[in-house]
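Coordinates as given in start.txt (compact mmCIF, C-alpha atoms):
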```
# COMPACT_ATOMS: atom_id res chain seq x y z
CA MET L 1 92.77 110.52 139.45
CA SER L 2 96.06 108.88 140.47
CA ASN L 3 99.42 110.45 139.62
CA SER L 4 100.55 107.31 137.88
CA GLY L 5 97.40 107.42 135.74
CA ILE L 6 98.18 111.01 134.73
CA ARG L 7 101.77 110.12 133.94
CA GLU L 8 100.65 107.21 131.81
CA VAL L 9 98.27 109.35 129.74
CA VAL L 10 100.90 112.07 129.24
CA ALA L 11 103.55 109.47 128.33
CA GLU L 12 101.23 107.89 125.79
CA ILE L 13 100.39 111.25 124.21
CA GLU L 14 104.11 112.10 124.03
CA TYR L 15 104.88 108.75 122.42
CA LEU L 16 102.15 109.15 119.81
CA ARG L 17 103.32 112.68 119.02
CA ALA L 18 106.93 111.50 118.58
CA LYS L 19 105.78 108.62 116.40
CA ARG L 20 103.75 111.00 114.22
CA ALA L 21 106.75 113.32 113.88
CA GLN L 22 108.97 110.40 112.90
CA VAL L 23 106.55 109.25 110.21
CA ALA L 24 105.92 112.79 108.95
CA SER L 25 109.64 113.37 108.43
CA ALA L 26 110.00 110.21 106.36
CA SER L 27 109.89 110.36 102.57
CA PRO L 28 107.42 108.02 100.93
CA HIS L 29 108.30 106.02 97.85
CA LEU L 30 106.23 104.08 95.38
CA VAL L 31 106.37 100.29 95.27
CA VAL L 32 105.24 98.59 92.05
CA VAL L 33 104.83 94.82 92.16
CA HIS L 34 105.32 92.91 88.90
CA GLY L 35 104.17 89.32 88.51
CA ALA L 36 104.97 86.52 86.05
CA HIS L 37 108.62 87.29 86.54
CA GLN L 38 111.31 85.29 84.76
CA PRO L 39 114.45 84.51 86.83
CA LEU L 40 117.45 86.78 86.24
CA THR L 41 115.40 89.39 84.40
CA ASN L 42 113.70 92.58 85.45
CA CYS L 43 110.69 94.39 84.03
CA LEU L 44 110.60 92.35 80.82
CA PRO L 45 107.64 92.36 78.43
CA GLY L 46 105.22 89.61 79.44
CA GLU L 47 105.18 90.50 83.13
CA THR L 48 102.03 91.67 84.91
CA VAL L 49 101.43 94.67 87.14
CA GLU L 50 100.02 93.17 90.33
CA GLN L 51 99.97 96.01 92.80
CA VAL L 52 101.03 99.60 93.34
CA GLY L 53 101.51 100.95 96.85
CA LEU L 54 102.97 103.80 98.81
CA ALA L 55 105.70 102.89 101.29
CA VAL L 56 107.23 104.62 104.28
CA HIS L 57 110.01 102.73 106.05
CA SER L 58 108.85 99.11 105.77
CA ARG L 59 105.11 99.85 105.80
CA VAL L 60 103.41 99.60 102.40
CA THR L 61 99.87 100.91 101.85
CA PRO L 62 98.41 99.44 98.65
CA LEU L 63 96.50 101.77 96.35
CA SER L 64 93.04 100.59 95.29
CA LEU L 65 93.44 100.91 91.54
CA SER L 66 91.66 99.27 88.62
CA PRO L 67 93.74 97.10 86.25
CA THR L 68 94.08 100.07 83.90
CA GLY L 69 94.93 102.33 86.86
CA LEU L 70 97.71 99.93 87.88
CA VAL L 71 99.18 99.99 84.38
CA PHE L 72 98.87 103.77 84.24
CA ALA L 73 100.76 104.16 87.54
CA ASP L 74 103.36 101.62 86.38
CA LEU L 75 103.99 103.60 83.21
CA LEU L 76 104.63 106.82 85.12
CA ALA L 77 106.90 104.94 87.54
CA ARG L 78 108.90 103.14 84.84
CA LYS L 79 109.41 106.25 82.74
CA ARG L 80 110.36 108.40 85.72
CA PRO L 81 111.89 111.02 85.74
CA MET L 82 110.62 111.72 82.22
CA LEU L 83 107.84 114.26 81.94
CA LEU L 84 105.01 112.68 79.98
CA THR L 85 102.21 114.41 78.13
CA ALA L 86 98.82 112.75 77.64
CA ALA L 87 99.75 112.08 74.01
CA GLN L 88 103.00 110.36 75.04
CA ILE L 89 101.17 108.25 77.62
CA GLU L 90 98.63 107.17 75.02
CA ARG L 91 101.40 106.31 72.54
CA LEU L 92 103.53 104.41 75.08
CA LEU L 93 100.59 102.30 76.24
CA SER L 94 99.90 101.22 72.67
CA SER L 95 103.52 100.76 71.52
CA ASP L 96 105.85 99.99 74.45
CA PRO L 97 106.55 96.21 74.40
CA PHE L 98 105.99 95.97 78.17
CA TYR L 99 102.39 97.13 77.78
CA VAL L 100 101.71 95.49 74.41
CA ARG L 101 102.74 92.09 75.85
CA LEU L 102 101.38 92.75 79.34
CA GLY L 103 100.78 89.47 81.15
CA ALA L 104 101.89 87.29 78.20
CA SER L 105 104.17 85.26 80.51
CA ALA L 106 101.45 84.68 83.09
CA SER L 107 99.92 81.22 83.40
CA ARG L 108 96.46 82.69 83.16
CA ALA L 109 95.24 84.07 79.84
CA PRO L 110 96.97 87.39 79.11
CA ARG L 111 94.69 90.38 79.28
CA PRO L 112 94.29 92.51 76.16
CA ALA L 113 96.63 95.46 75.76
CA VAL L 114 95.57 98.57 77.65
CA ARG L 115 94.10 101.27 75.45
CA LEU L 116 93.78 104.69 76.96
CA ALA L 117 92.51 107.67 75.03
CA ARG L 118 94.39 110.93 75.49
CA LYS L 119 91.32 112.61 76.95
CA SER L 120 91.08 109.94 79.69
CA VAL L 121 94.56 110.67 81.05
CA LYS L 122 93.33 113.55 83.23
CA VAL L 123 90.72 111.26 84.78
CA TYR L 124 93.33 108.62 85.63
CA ILE L 125 95.62 111.29 87.08
CA GLN L 126 92.77 112.43 89.34
CA ARG L 127 91.95 108.86 90.40
CA LEU L 128 95.58 108.12 91.14
CA ARG L 129 95.94 111.29 93.20
CA TRP L 130 92.77 110.41 95.11
CA GLN L 131 94.22 107.04 96.05
CA LEU L 132 97.60 108.58 96.91
CA GLY L 133 95.79 111.08 99.14
CA LYS L 134 93.98 108.27 100.97
CA ALA L 135 97.23 106.37 101.50
CA LEU L 136 99.08 109.48 102.71
CA LYS L 137 96.34 110.20 105.21
CA ALA L 138 96.30 106.63 106.43
CA MET L 139 100.05 106.82 106.97
CA GLY L 140 99.79 110.11 108.85
CA LEU L 141 101.81 112.06 106.28
CA SER L 142 101.12 115.71 105.58
CA THR L 143 102.44 115.49 102.00
CA LEU L 144 99.90 116.39 99.33
CA PRO L 145 99.24 113.95 96.46
CA GLU L 146 99.99 116.79 94.02
CA GLU L 147 103.53 116.88 95.43
CA ILE L 148 103.96 113.20 94.62
CA LEU L 149 102.27 113.07 91.24
CA VAL L 150 103.29 116.38 89.74
CA SER L 151 101.67 118.24 86.83
CA GLU L 152 103.70 120.85 85.00
CA ASN L 153 102.79 123.25 82.23
CA THR L 154 104.56 123.16 78.91
CA GLU L 155 105.15 126.19 76.70
CA LEU L 156 101.79 125.30 75.13
CA SER L 157 99.15 126.55 77.49
CA ASN L 158 96.81 123.59 76.99
CA VAL L 159 99.41 120.80 77.27
CA MET L 160 100.39 119.41 80.67
CA THR L 161 103.12 116.97 81.60
CA TYR L 162 102.98 114.45 84.44
CA ARG L 163 105.61 112.65 86.50
CA PHE L 164 106.18 111.00 89.86
CA ALA L 165 108.34 113.20 92.07
CA ILE L 166 109.21 110.35 94.46
CA SER L 167 111.48 107.37 93.95
CA CYS L 168 109.91 104.17 92.64
CA GLU L 169 110.87 100.62 93.56
CA PHE L 170 109.97 97.55 91.49
CA VAL L 171 109.41 94.27 93.29
CA HIS L 172 109.19 91.08 91.25
CA LEU L 173 107.14 88.02 92.08
CA ASN L 174 107.82 84.63 90.55
CA GLY L 175 105.03 82.53 89.11
CA ASP L 176 104.57 80.97 92.53
CA ALA L 177 104.24 84.40 94.15
CA THR L 178 107.53 84.30 96.04
CA ARG L 179 108.96 87.67 96.76
CA LYS L 180 112.30 88.22 95.03
CA MET J 13 102.38 123.75 120.59
CA GLU J 14 100.05 120.92 119.77
CA GLU J 15 96.37 120.98 120.65
CA ILE J 16 94.77 118.10 122.52
CA LEU J 17 91.11 117.56 123.07
CA ILE J 18 89.72 115.83 126.15
CA VAL J 19 86.28 114.25 126.08
CA ASP J 20 85.35 113.71 129.70
CA PRO J 21 81.89 113.93 131.30
CA ASP J 22 83.42 114.45 134.77
CA PRO J 23 84.54 118.10 135.10
CA VAL J 24 86.75 117.52 138.16
CA HIS J 25 88.58 114.66 136.50
CA ALA J 26 88.83 116.60 133.24
CA THR J 27 90.45 119.53 135.04
CA ALA J 28 93.10 117.30 136.62
CA LEU J 29 93.90 115.77 133.25
CA LYS J 30 93.92 119.16 131.53
CA GLU J 31 96.38 120.59 134.04
CA ALA J 32 98.69 117.61 133.66
CA LEU J 33 98.74 117.95 129.87
CA GLU J 34 99.20 121.73 130.04
CA THR J 35 102.21 121.18 132.29
CA ALA J 36 103.60 119.03 129.47
CA ASP J 37 103.19 122.04 127.11
CA TYR J 38 100.03 121.09 125.27
CA ILE J 39 97.11 123.35 124.48
CA VAL J 40 94.12 121.53 125.90
CA SER J 41 90.42 121.94 125.33
CA VAL J 42 87.79 120.01 127.27
CA HIS J 43 84.41 118.83 126.05
CA ARG J 44 81.90 117.13 128.29
CA ASP J 45 79.84 115.56 125.55
CA GLN J 46 80.86 113.70 122.44
CA ARG J 47 78.83 115.75 119.98
CA THR J 48 80.61 119.06 120.62
CA ALA J 49 83.92 117.19 120.70
CA MET J 50 83.26 115.72 117.25
CA GLN J 51 82.49 119.18 115.86
CA ALA J 52 85.68 120.58 117.38
CA VAL J 53 87.78 117.76 115.94
CA VAL J 54 86.48 118.37 112.43
CA SER J 55 86.71 122.17 112.57
CA GLN J 56 89.94 122.71 114.52
CA GLY J 57 92.39 120.21 113.06
CA ILE J 58 93.01 118.41 116.37
CA ARG J 59 95.73 115.77 116.17
CA ALA J 60 95.17 113.92 119.47
CA VAL J 61 92.18 113.12 121.67
CA VAL J 62 91.93 111.71 125.18
CA PHE J 63 88.58 109.96 125.48
CA VAL J 64 87.60 109.28 129.10
CA SER J 65 84.83 106.95 130.18
CA SER J 66 83.43 105.88 133.55
CA SER J 67 80.89 103.53 132.05
CA PRO J 68 81.95 99.88 131.69
CA SER J 69 78.64 99.17 129.92
CA TRP J 70 78.71 101.91 127.30
CA TRP J 71 82.30 102.88 126.65
CA ARG J 72 82.71 100.54 123.66
CA ASN J 73 79.66 101.96 121.87
CA ASP J 74 80.66 105.51 122.72
CA LEU J 75 84.27 105.06 121.60
CA LYS J 76 83.28 103.34 118.36
CA ALA J 77 80.74 106.06 117.54
CA PHE J 78 83.32 108.74 118.25
CA CYS J 79 85.99 107.10 116.08
CA GLU J 80 83.54 106.62 113.21
CA SER J 81 82.37 110.22 113.38
CA VAL J 82 85.90 111.65 113.19
CA ALA J 83 87.15 109.21 110.55
CA ASN J 84 86.87 111.89 107.87
CA ALA J 85 88.79 114.51 109.79
CA LYS J 86 91.44 116.35 107.78
CA TYR J 87 94.31 114.65 109.60
CA GLU J 88 94.81 111.16 110.90
CA MET J 89 94.22 111.48 114.63
CA ASP J 90 95.65 109.73 117.66
CA VAL J 91 93.05 108.64 120.21
CA VAL J 92 93.88 107.50 123.74
CA CYS J 93 90.98 106.04 125.71
CA LEU J 94 91.20 106.26 129.48
CA LEU J 95 88.87 103.93 131.37
CA ARG J 96 88.26 104.86 134.99
CA TRP J 97 88.38 101.40 136.50
CA PRO J 98 91.15 98.88 136.95
CA SER J 99 92.00 96.54 134.10
CA ILE J 100 90.47 93.10 134.62
CA GLU J 101 91.20 91.34 131.36
CA PRO J 102 92.93 92.18 128.06
CA THR J 103 89.70 92.41 126.04
CA ASP J 104 89.49 96.18 126.57
CA ARG J 105 92.89 96.73 124.97
CA LEU J 106 92.06 94.29 122.19
CA PHE J 107 88.89 96.24 121.45
CA GLY J 108 90.96 99.42 121.29
CA ASP J 109 93.41 97.76 118.89
CA GLU J 110 90.55 97.11 116.48
CA LEU J 111 89.86 100.85 116.37
CA ASN J 112 93.56 101.79 116.41
CA VAL J 113 93.03 103.35 119.85
CA ARG J 114 95.34 102.91 122.83
CA VAL J 115 93.24 101.88 125.83
CA LEU J 116 94.55 102.66 129.33
CA HIS J 117 93.02 102.01 132.74
CA GLU J 118 93.22 104.26 135.73
```
As a first step, turn the structure in this file into structure tokens.
Amino acid sequence: MSNSGIREVVAEIEYLRAKRAQVASASPHLVVVHGAHQPLTNCLPGETVEQVGLAVHSRVTPLSLSPTGLVFADLLARKRPMLLTAAQIERLLSSDPFYVRLGASASRAPRPAVRLARKSVKVYIQRLRWQLGKALKAMGLSTLPEEILVSENTELSNVMTYRFAISCEFVHLNGDATRK
Amino acid sequence: MEEILIVDPDPVHATALKEALETADYIVSVHRDQRTAMQAVVSQGIRAVVFVSSSPSWWRNDLKAFCESVANAKYEMDVVCLLRWPSIEPTDRLFGDELNVRVLHE
């Protein structure tokens, strides 16, 4: 084996290690993409939730979530840093104007309001954590999904609260899908 | 110190590579066949692998099989593939890019 070949392998390993360390030290944040955006407004009722992703530096890894999963993640992101119980999540999804009028400004037919029973909240939390875990692994981060989507006990032993422990950014798309 | 795994069927070549990496302060383990290497990757939490091949006919199949078998490892892993012949055309590197593997030639 030639010396230059050895040096090249060692240099490549060193580079990859440094790159991994750089990524691992970065803090991820959540990126929520809203569609059907009206100019000069932000997060108004009538918008849609198009995508939720995890971002480190400029790299965004989209989470594979169902339409209800997207809305669920959006709710936790928009209400951050509030701690939300399953009952509050259920109530907000059925009463908050953003979710009641979800997609009303979109050119396509608006989808019906999202209904989520209190008992389903745990399932959506698990699904969201599963997707966060996949994204974290893909990005080479050692952070656990439970550190990003945090559960905390209340003084009532059977009531949990949930919140995102990372910052959340909202990106708005116009009707013609131009990034704003 | 970080642990690196070498998959190399040639023991003499593997020793030279191992010594070079140890000089750079890595803990290095060597496996001659892919199967034991795959088991080690899954059980030991390896973060980087140097995959060496002397076979221009089979290296693509071998590398792809290796990458697929370690895809569910606990950590995302860096793989460097060292091919023991001179580079002739860029298709080898392009193949590596598809698997997110850096392909080098000796």
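Within 10 Å of Ser64 (chain L), once only C-alpha atoms are used and residues closer than 2 positions along the same chain are dropped, the contacting residues are Gln51, Val52, Gly53, Thr61, Pro62, Ser66, Pro67, Gly69, Leu70, Arg127, Leu128, Trp130, Gln131, Leu132, Lys134 and Ala135 of chain L.
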| request: Select residues of chain J: the criterion is any atom within 7 Å of an atom of chain L, counting only C-alpha atoms; output as an MDAnalysis selection string. | output: chainID J and resid 25 29 32:33 87:88 90 118
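In this structure, CA of Lys30 (chain J) sits 13.2 Å away from CA of Ala60 (chain J).
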| remark: Between CA of Leu95 (chain J) and CA of Ala28 (chain J) lies a distance of 15.0 Å
| task | Could you give me, as an MDAnalysis selection string, the residues that sit within 12 Å of (93.5, 100.2, 124.8) in the file's coordinates, counting all atoms listed in the file? | result | (chainID L and resid 9 12) or (chainID J and resid 62:64 71:72 75 91:95 99 101:118)
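Nearest-residue note for Thr48 (chain J): choosing from J:Ala26, J:Cys79, J:Val19, J:Val61, the minimum distance belongs to J:Val19, counting all atoms listed in the file.
Neighbouring residues of Asp45 (chain J) at 12 Å or closer, counting all atoms listed in the file and skipping chain neighbours under 6 positions away, are Leu17, Ile18, Val19, Asp20, Pro21, Asp22, Pro23, Ala26, Gln51, Ala52, Phe63, Val64, Ser65, Asp74 and Phe78 of chain J.
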| task | Could you jot down the CA of Asn153 (chain L) to CA of Cys168 (chain L) separation for me, Å, one decimal place? | result | 22.9 Å
| field | Within 10 Å of Ala85 (chain J) using all atoms listed in the file, minus same-chain residues under 5 positions, as a list of chain:residue names | value | L:Lys137, J:Met50, J:Gln51, J:Val53, J:Val54, J:Ser55, J:Gln56, J:Gly57, J:Ile58, J:Arg59
| query | Near Asp74 (chain L), counting all atoms listed in the file, which residues have an atom at most 12 Å away, once you skip same-chain residues fewer than 5 positions from it, shown as a VMD selection string? | reply | chain L and resid 30 to 34 43 47 to 53 65 67 to 69 79 to 80 89 92 to 93 98 to 99 102 128 163 to 164 168 to 171
Coords for region 118-154 of chain L, C-alpha atoms, as a short mmCIF file (atom, residue, chain, number, x, y, z; two decimals), in the first residue's frame:
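New file out33.cif:
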```cif
data_model
loop_
_atom_site.label_atom_id
_atom_site.label_comp_id
_atom_site.auth_asym_id
_atom_site.auth_seq_id
_atom_site.Cartn_x
_atom_site.Cartn_y
_atom_site.Cartn_z
CA ARG L 118 -57.83 13.01 24.08
CA LYS L 119 -56.92 9.33 24.21
CA SER L 120 -55.24 9.56 20.77
CA VAL L 121 -52.78 12.23 21.88
CA LYS L 122 -50.33 9.69 23.31
CA VAL L 123 -50.32 7.83 20.00
CA TYR L 124 -49.53 11.01 18.04
CA ILE L 125 -46.78 11.90 20.52
CA GLN L 126 -45.22 8.45 19.94
CA ARG L 127 -45.51 8.78 16.15
CA LEU L 128 -43.99 12.24 16.21
CA ARG L 129 -41.10 11.06 18.38
CA TRP L 130 -40.53 8.12 16.04
CA GLN L 131 -40.21 10.48 13.09
CA LEU L 132 -38.00 12.87 15.06
CA GLY L 133 -35.78 9.92 15.99
CA LYS L 134 -35.43 8.93 12.33
CA ALA L 135 -34.55 12.48 11.33
CA LEU L 136 -32.02 12.85 14.16
CA LYS L 137 -30.33 9.63 13.15
CA ALA L 138 -30.23 10.64 9.51
CA MET L 139 -28.60 13.91 10.50
CA GLY L 140 -26.02 12.16 12.68
CA LEU L 141 -27.23 13.79 15.90
CA SER L 142 -27.03 11.99 19.22
CA THR L 143 -29.97 13.94 20.69
CA LEU L 144 -32.90 11.77 21.77
CA PRO L 145 -36.40 12.55 20.46
CA GLU L 146 -37.61 12.68 24.08
CA GLU L 147 -35.26 15.64 24.61
CA ILE L 148 -36.92 17.49 21.74
CA LEU L 149 -40.55 16.61 22.40
CA VAL L 150 -40.67 16.64 26.17
CA SER L 151 -43.27 15.02 28.45
CA GLU L 152 -43.62 16.29 31.99
CA ASN L 153 -45.73 15.11 34.89
CA THR L 154 -48.27 17.37 36.50
#
```
